[in-house]
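One structure is given here, and the rest of the page talks about it.
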Amino acid sequence: MDTVLLLSRLQFAITAAFHFIFVPLTLGLSILIAYMESRYAATGDRDYLRMAKFWGRLFLINFALGVVTGITMEFQFGMNWAEYSRYVGDIFGSPLAIEATVAFFLESTFLGVWIFGWNRISPKLHALSMWLVALATNLSALWILIANGWMQNPVGYVLRNNRAEMVDFWAVVTNPYGILKFFHTIMSGWVVAGFFVLGISAYHILRKNETEFFKKCFKIGAIFALVSSILVAAVGDFHAKEVARTQPTKLAAMESLWETTKDAPMYLLLVPDPTNEKNAVEAIGIPKLLSILAGQDEVKGLKEFPPQDRPPVTLTFISFRVMVGLGFLFILLALLALVKYKKIEQSTTLLRILLWSIPLPYIAGQLGWIVAEVGRQPWIVYGLLRTSEAVSKAVEPAQVVASFIGFTIFYGALGIIDIYLLSKYARKGPEPKEV
Amino acid sequence: MEFQIIWFILWGLLWAVYFALDGFDFGAGILYPFISKSEIDKKAVLHAIGPVWNGNEVWLITAGGATFAAFPTTYAYMFSYLYTPLLIILFALIFRGVAVELRGKSTSEGMKKFWDFWVFLGSFIPALLFGVAFGNIFMGLPFDDSGYYGTLFSLLNPYGLLVGLLFLFTFIVHGGLWVSLRVPEELANRAFARAKKFWYLQAIAAVLFLIFTAVFTNLYDNFIKIPVWFIVPALAVVCFLLTGFYLIKNKNGRAFVFSALFIIALIFSGLVGLYPNLLPSSIDPKYSFTFFNSSSSPYTLKIMTIVVIIFVPIVILYQAWTYKTFMYKITEKELKEEGY
């Protein structure tokens, strides 16, 4: 594989993965802060104000990196993927431009209002600003995932003038693939936020620091985490059926299914062996389960497709399995948290587990993106354009080497600083109660 | 055809608004270490741009997104030809944003100094390099149908650097004026004094720009063909002189408004000169990317036009409300209470 292509792929992967460390928390925490502040505006209970300020500060530290790393994504399509941009820009450019116009302006402008408006606007208007941020950040995800959904399942276009041209905007916008992925993604972000609030609250409850305050937070986090982790799994099920319908190679790789099988079982224990186009281990099979989950009597196997059209199997398979496993764990943990909420200060083991679970939903989100993007290979637009044909021709290897190293160093440094600040302010706790 | 022209104008408008807004953030960031004498001063300068800089930067994202959606071929080749300078601008913008947002959250002196450095550099680099990039676009880039022949160093030619300096001085004046409108008295006076000084440098760069544009570019051709278009650069000159006039009269509000109008007129002068090109080839005009050979399909342009007609006025309304809400003098008392 040539250098520019390989490094451009690696660079896109690390910059997208890095961007997506910060996005999910923004998606969910904005909603929770808006809720807390609305409670304050409605009841006058100053604990809710302290909550909004405490979680708000963590939100801002996280948001700073989310927003700046997003610009990289937009620029990279042109910089590294010029042939892709030229070929599909007629369709793919629109949702990105709409995202900026409809969502990103709203998000950035009202976050500025929220940060600086404490003494300038009424509490209700101030709470409304955070609701607008929450709406905008989730709307932003909608347009990005409509764009990504089109790369997964291209619709509403014709091939004309040596490129793909849009003929049906409505089809692009209502692409079931994009819509399902949108809900799956924002809800996975809500899970991240739920466990973030649960974990940090658990830390303070364990240390008997502001127990009452953090128990309130804990309850909000537990309910939110439980509802979202159930929803994300439910949508995930629909999403998998859509993948089976539109991207048979991805589904086969997710399940490491080599032969086309009728009433396909699912093996709980499975080790893929891609070199020999089979599985080294297949054990504890549950009859028909794969067929049921895929929504198809007969599930197509990888051997149905020529090797050059298949995605990397092991990575897609493992990522999918671990993501699903984590998904069930989230439902269980959130349920336990909610059930034990009343006397949670006594369940120190659960509190410790919840503290250490903060990274898990992040990991699940990253694995989900690996399934989505690695599982789509070798295509950049499924069935339409290969990744290898999409890379910029005018870019020299030295340029990509430099940018790749630059991103790795700068992002690494920023990531360390950000996590340091997050944990510092998370440990510090809320402002003391006014006497 | 009509939609293509609409988008050519919108493309210019998005860049113009972006520079008129984020331009003062850059200027404020560049002046930041030089006009601040204390920690309170530094907070004040950051507070001056704090509520709006992020919303301002979205005009860049929109300009980029609009280029992608409306002129995908131009987007693809402009961004891949200008790979390294864009990368440098990108890193600078990333660090500026993080520095402005996280400086107030850092308590150690070392970290604060680190962020101070990036507030300055993250503002200085884009201010200069956006100018260099536009200067080179005015001249045309060396490409034909088989590729691009330029390098980072070929972009740093005298004319590119001249336009870079023009942008730099323009944004410093613009930022100095904005800061002077928002911060406490003494600091405001220092910012205003800098704006005054840099206006003279801006004047020199502008005169050189008018002369050397005739030498290095074909931008004047369109104006000579249809002289009525000279009204656009003439407006730029008038706005520029009025900025200077109000600087001398010590009226920073009016000077700021005319500085913003100057930036918009400057970008539109460039746009008229470029017409119909978005990215001219310096090798042969037949390779140039124009609004008709690099645009999206009429269908896509129509959809995007509808989106813009509905949503951009809404954006302008709420951003205007934000500016109204935060267009007040920050007091020392407020700075001591709220950390940013």
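Every chain in the structure tokens takes a letter, A first, then B, and so on in the order presented; its residues are numbered from 1, and the ligands are numbered from 1 following the presented order.
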Within 7 Å of chain A: each chain B residue with its shortest pair, only C-alpha atoms, as a tab-separated table:
```
residue	atom	partner	partner_atom	distance
B:Pro51	CA	A:Gly112	CA	4.3
B:Val52	CA	A:Gly112	CA	6.1
B:Asn54	CA	A:Ser108	CA	5.6
B:Gly55	CA	A:Thr109	CA	4.7
B:Val58	CA	A:Phe105	CA	6.0
B:Ile61	CA	A:Ala100	CA	6.4
B:Thr62	CA	A:Ala100	CA	5.4
B:Gly65	CA	A:Ala97	CA	4.2
B:Ala66	CA	A:Ala97	CA	5.3
B:Phe68	CA	A:Gly93	CA	4.9
B:Ala69	CA	A:Gly93	CA	3.8
B:Pro72	CA	A:Gly89	CA	4.9
B:Thr73	CA	A:Arg86	CA	4.8
B:Tyr75	CA	A:Gly78	CA	6.0
B:Ala76	CA	A:Ala82	CA	4.3
B:Tyr77	CA	A:Ala82	CA	6.3
B:Phe79	CA	A:Met79	CA	4.7
B:Ser80	CA	A:Met79	CA	4.0
B:Tyr81	CA	A:Ala394	CA	6.2
B:Tyr83	CA	A:Met79	CA	5.5
B:Thr84	CA	A:Gln399	CA	6.7
B:Leu90	CA	A:Thr72	CA	6.9
B:Ile94	CA	A:Val68	CA	5.0
B:Gly97	CA	A:Val68	CA	6.5
B:Val98	CA	A:Ala64	CA	5.6
B:Glu101	CA	A:Ala64	CA	6.2
B:Leu102	CA	A:Ile61	CA	6.7
B:Gly147	CA	A:Ala394	CA	6.0
B:Tyr148	CA	A:Ala394	CA	6.1
B:Ser296	CA	A:Asp90	CA	5.0
B:Ser297	CA	A:Asp90	CA	6.7
B:Tyr299	CA	A:Val167	CA	6.9
B:Thr300	CA	A:Met166	CA	6.4
B:Met304	CA	A:Ser94	CA	6.9
B:Phe311	CA	A:Val102	CA	6.4
B:Val312	CA	A:Thr101	CA	6.8
B:Val315	CA	A:Phe105	CA	6.8
B:Gln319	CA	A:Thr109	CA	6.7
B:Thr322	CA	A:Val113	CA	6.9
```
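For range 44-50 of chain B, the non-local neighbours within 7 Å, defined as residues at least 3 positions apart in the same chain or in other chains and counting only C-alpha atoms, are Asp25, Ala28, Tyr32, Ile40, Asp41, Trp53, Val100, Val179, Arg182, Val183 and Leu335 of chain B.
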With C-alpha atoms kept, could you save the residues just selected as a short mmCIF file (atom, residue, chain, number, x, y, z; two decimals), in the first residue's frame?
```cif
data_model
loop_
_atom_site.label_atom_id
_atom_site.label_comp_id
_atom_site.auth_asym_id
_atom_site.auth_seq_id
_atom_site.Cartn_x
_atom_site.Cartn_y
_atom_site.Cartn_z
CA ASP B 25 -10.28 37.78 17.74
CA ALA B 28 -6.93 40.70 20.20
CA TYR B 32 -2.75 40.21 24.16
CA ILE B 40 -6.39 41.12 35.39
CA ASP B 41 -5.49 42.71 32.04
CA TRP B 53 -14.87 33.94 19.35
CA VAL B 100 -8.51 30.73 25.24
CA VAL B 179 -10.60 45.26 22.82
CA ARG B 182 -14.82 46.19 25.94
CA VAL B 183 -12.09 46.44 28.58
CA LEU B 335 -13.04 40.20 36.29
#
```
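Of the residues in range 145-260 of chain A, those that DSSP places in strand (DSSP E) on the basis of the backbone are A:Tyr157, A:Val158, A:Leu159, A:Arg160, A:Arg163, A:Ala164, A:Glu165, A:Met166.
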Could those selected residues go to a file with N, CA and C atoms, as a PDB file, in the first residue's frame?
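Saved file selection.pdb follows:
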```pdb
ATOM      1  N   TYR A 157     -28.802   9.198  -5.533  1.00  0.00           N
ATOM      2  CA  TYR A 157     -27.799   9.789  -6.421  1.00  0.00           C
ATOM      3  C   TYR A 157     -27.830   9.101  -7.783  1.00  0.00           C
ATOM      4  N   VAL A 158     -27.210   9.734  -8.778  1.00  0.00           N
ATOM      5  CA  VAL A 158     -26.906   9.071 -10.041  1.00  0.00           C
ATOM      6  C   VAL A 158     -25.430   9.311 -10.352  1.00  0.00           C
ATOM      7  N   LEU A 159     -24.855   8.453 -11.202  1.00  0.00           N
ATOM      8  CA  LEU A 159     -23.489   8.687 -11.658  1.00  0.00           C
ATOM      9  C   LEU A 159     -23.579   9.494 -12.941  1.00  0.00           C
ATOM     10  N   ARG A 160     -23.023  10.718 -12.909  1.00  0.00           N
ATOM     11  CA  ARG A 160     -23.148  11.622 -14.045  1.00  0.00           C
ATOM     12  C   ARG A 160     -21.959  12.560 -13.991  1.00  0.00           C
ATOM     13  N   ARG A 163     -18.927  11.727 -11.777  1.00  0.00           N
ATOM     14  CA  ARG A 163     -19.019  11.813 -10.313  1.00  0.00           C
ATOM     15  C   ARG A 163     -20.418  11.380  -9.877  1.00  0.00           C
ATOM     16  N   ALA A 164     -20.617  11.288  -8.562  1.00  0.00           N
ATOM     17  CA  ALA A 164     -21.944  10.994  -8.032  1.00  0.00           C
ATOM     18  C   ALA A 164     -22.671  12.314  -7.813  1.00  0.00           C
ATOM     19  N   GLU A 165     -23.881  12.441  -8.373  1.00  0.00           N
ATOM     20  CA  GLU A 165     -24.654  13.670  -8.207  1.00  0.00           C
ATOM     21  C   GLU A 165     -25.949  13.375  -7.476  1.00  0.00           C
ATOM     22  N   MET A 166     -26.338  14.297  -6.613  1.00  0.00           N
ATOM     23  CA  MET A 166     -27.558  14.104  -5.832  1.00  0.00           C
ATOM     24  C   MET A 166     -28.770  14.346  -6.725  1.00  0.00           C
TER      25      MET A 166
END
```
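CA of Ser291 in chain A is found 5.4 Å from CA of Asp263 in chain A.
Each of A:Arg9, A:Arg46, A:Arg310, A:Arg352 was checked against Ala253 in chain A using only C-alpha atoms; the smallest atom-to-atom distance is that of A:Arg310.
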Distance query Lys303 in chain A at most 12 Å, only C-alpha atoms, self and fewer than 2 positions along chain excluded, as a PyMOL selection string: chain A and resi 248-249+252-253+256-261+274+276-278+299-301+305-311+313
Those of range 219-336 of chain A in DSSP helix (DSSP H, G or I), formatted as a PyMOL selection string: chain A and resi 219-246+248-255+274-276+289-294+302-304+307-309+313-336
With C-alpha atoms retained, could you export that selection as a tab-separated table (two decimals), in the first residue's frame?
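Final output, out.tsv:
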```
chain	number	residue	atom	x	y	z
A	219	LYS	CA	-29.75	9.46	40.92
A	220	ILE	CA	-29.93	11.65	37.83
A	221	GLY	CA	-26.96	9.81	36.35
A	222	ALA	CA	-28.41	6.37	37.16
A	223	ILE	CA	-31.79	7.06	35.55
A	224	PHE	CA	-30.19	8.62	32.49
A	225	ALA	CA	-27.64	5.81	32.15
A	226	LEU	CA	-30.30	3.11	32.49
A	227	VAL	CA	-32.72	4.60	29.98
A	228	SER	CA	-30.00	5.35	27.44
A	229	SER	CA	-28.24	2.01	27.75
A	230	ILE	CA	-31.53	0.20	27.11
A	231	LEU	CA	-32.35	2.49	24.19
A	232	VAL	CA	-28.90	2.19	22.63
A	233	ALA	CA	-29.14	-1.60	22.70
A	234	ALA	CA	-32.66	-1.59	21.23
A	235	VAL	CA	-31.67	0.78	18.41
A	236	GLY	CA	-28.51	-1.28	17.94
A	237	ASP	CA	-30.67	-4.30	17.18
A	238	PHE	CA	-32.55	-2.43	14.42
A	239	HIS	CA	-29.24	-1.04	13.21
A	240	ALA	CA	-27.77	-4.54	12.87
A	241	LYS	CA	-30.72	-5.62	10.72
A	242	GLU	CA	-30.16	-2.60	8.48
A	243	VAL	CA	-26.47	-3.49	8.20
A	244	ALA	CA	-27.47	-7.06	7.24
A	245	ARG	CA	-29.78	-5.69	4.54
A	246	THR	CA	-27.39	-3.12	3.06
A	248	PRO	CA	-23.68	-8.04	3.92
A	249	THR	CA	-19.87	-8.09	3.99
A	250	LYS	CA	-19.78	-5.98	7.14
A	251	LEU	CA	-22.33	-8.16	8.89
A	252	ALA	CA	-20.48	-11.33	7.93
A	253	ALA	CA	-17.26	-9.84	9.30
A	254	MET	CA	-18.98	-8.70	12.52
A	255	GLU	CA	-20.03	-12.30	13.10
A	274	PRO	CA	-9.03	-15.40	8.23
A	275	THR	CA	-5.98	-16.96	6.53
A	276	ASN	CA	-7.81	-20.26	6.11
A	289	LEU	CA	-29.86	-16.56	16.92
A	290	LEU	CA	-27.74	-14.92	14.22
A	291	SER	CA	-30.55	-15.28	11.69
A	292	ILE	CA	-32.97	-13.71	14.15
A	293	LEU	CA	-30.64	-10.81	14.97
A	294	ALA	CA	-29.87	-10.19	11.30
A	302	LEU	CA	-17.80	-13.94	3.58
A	303	LYS	CA	-16.91	-16.58	0.96
A	304	GLU	CA	-19.87	-15.29	-1.03
A	307	PRO	CA	-11.42	-11.57	-1.09
A	308	GLN	CA	-10.68	-8.05	-2.38
A	309	ASP	CA	-14.21	-6.99	-1.38
A	313	VAL	CA	-12.45	-9.81	9.78
A	314	THR	CA	-10.70	-10.20	13.13
A	315	LEU	CA	-10.71	-6.52	14.05
A	316	THR	CA	-14.34	-6.02	13.02
A	317	PHE	CA	-15.44	-9.19	14.81
A	318	ILE	CA	-13.66	-8.50	18.10
A	319	SER	CA	-14.70	-4.85	18.17
A	320	PHE	CA	-18.32	-5.82	17.64
A	321	ARG	CA	-18.32	-8.58	20.25
A	322	VAL	CA	-16.70	-6.45	22.93
A	323	MET	CA	-19.01	-3.51	22.16
A	324	VAL	CA	-22.11	-5.69	22.53
A	325	GLY	CA	-20.77	-7.26	25.72
A	326	LEU	CA	-20.11	-3.83	27.20
A	327	GLY	CA	-23.58	-2.74	26.14
A	328	PHE	CA	-25.18	-5.45	28.28
A	329	LEU	CA	-22.85	-4.63	31.15
A	330	PHE	CA	-24.02	-0.99	31.07
A	331	ILE	CA	-27.65	-2.01	31.46
A	332	LEU	CA	-26.75	-4.25	34.39
A	333	LEU	CA	-24.59	-1.64	36.15
A	334	ALA	CA	-27.11	1.16	35.67
A	335	LEU	CA	-29.89	-1.06	36.95
A	336	LEU	CA	-27.86	-1.98	40.05
```
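Going from CA of Val4 in chain A to CA of Pro397 in chain A covers 5.1 Å.
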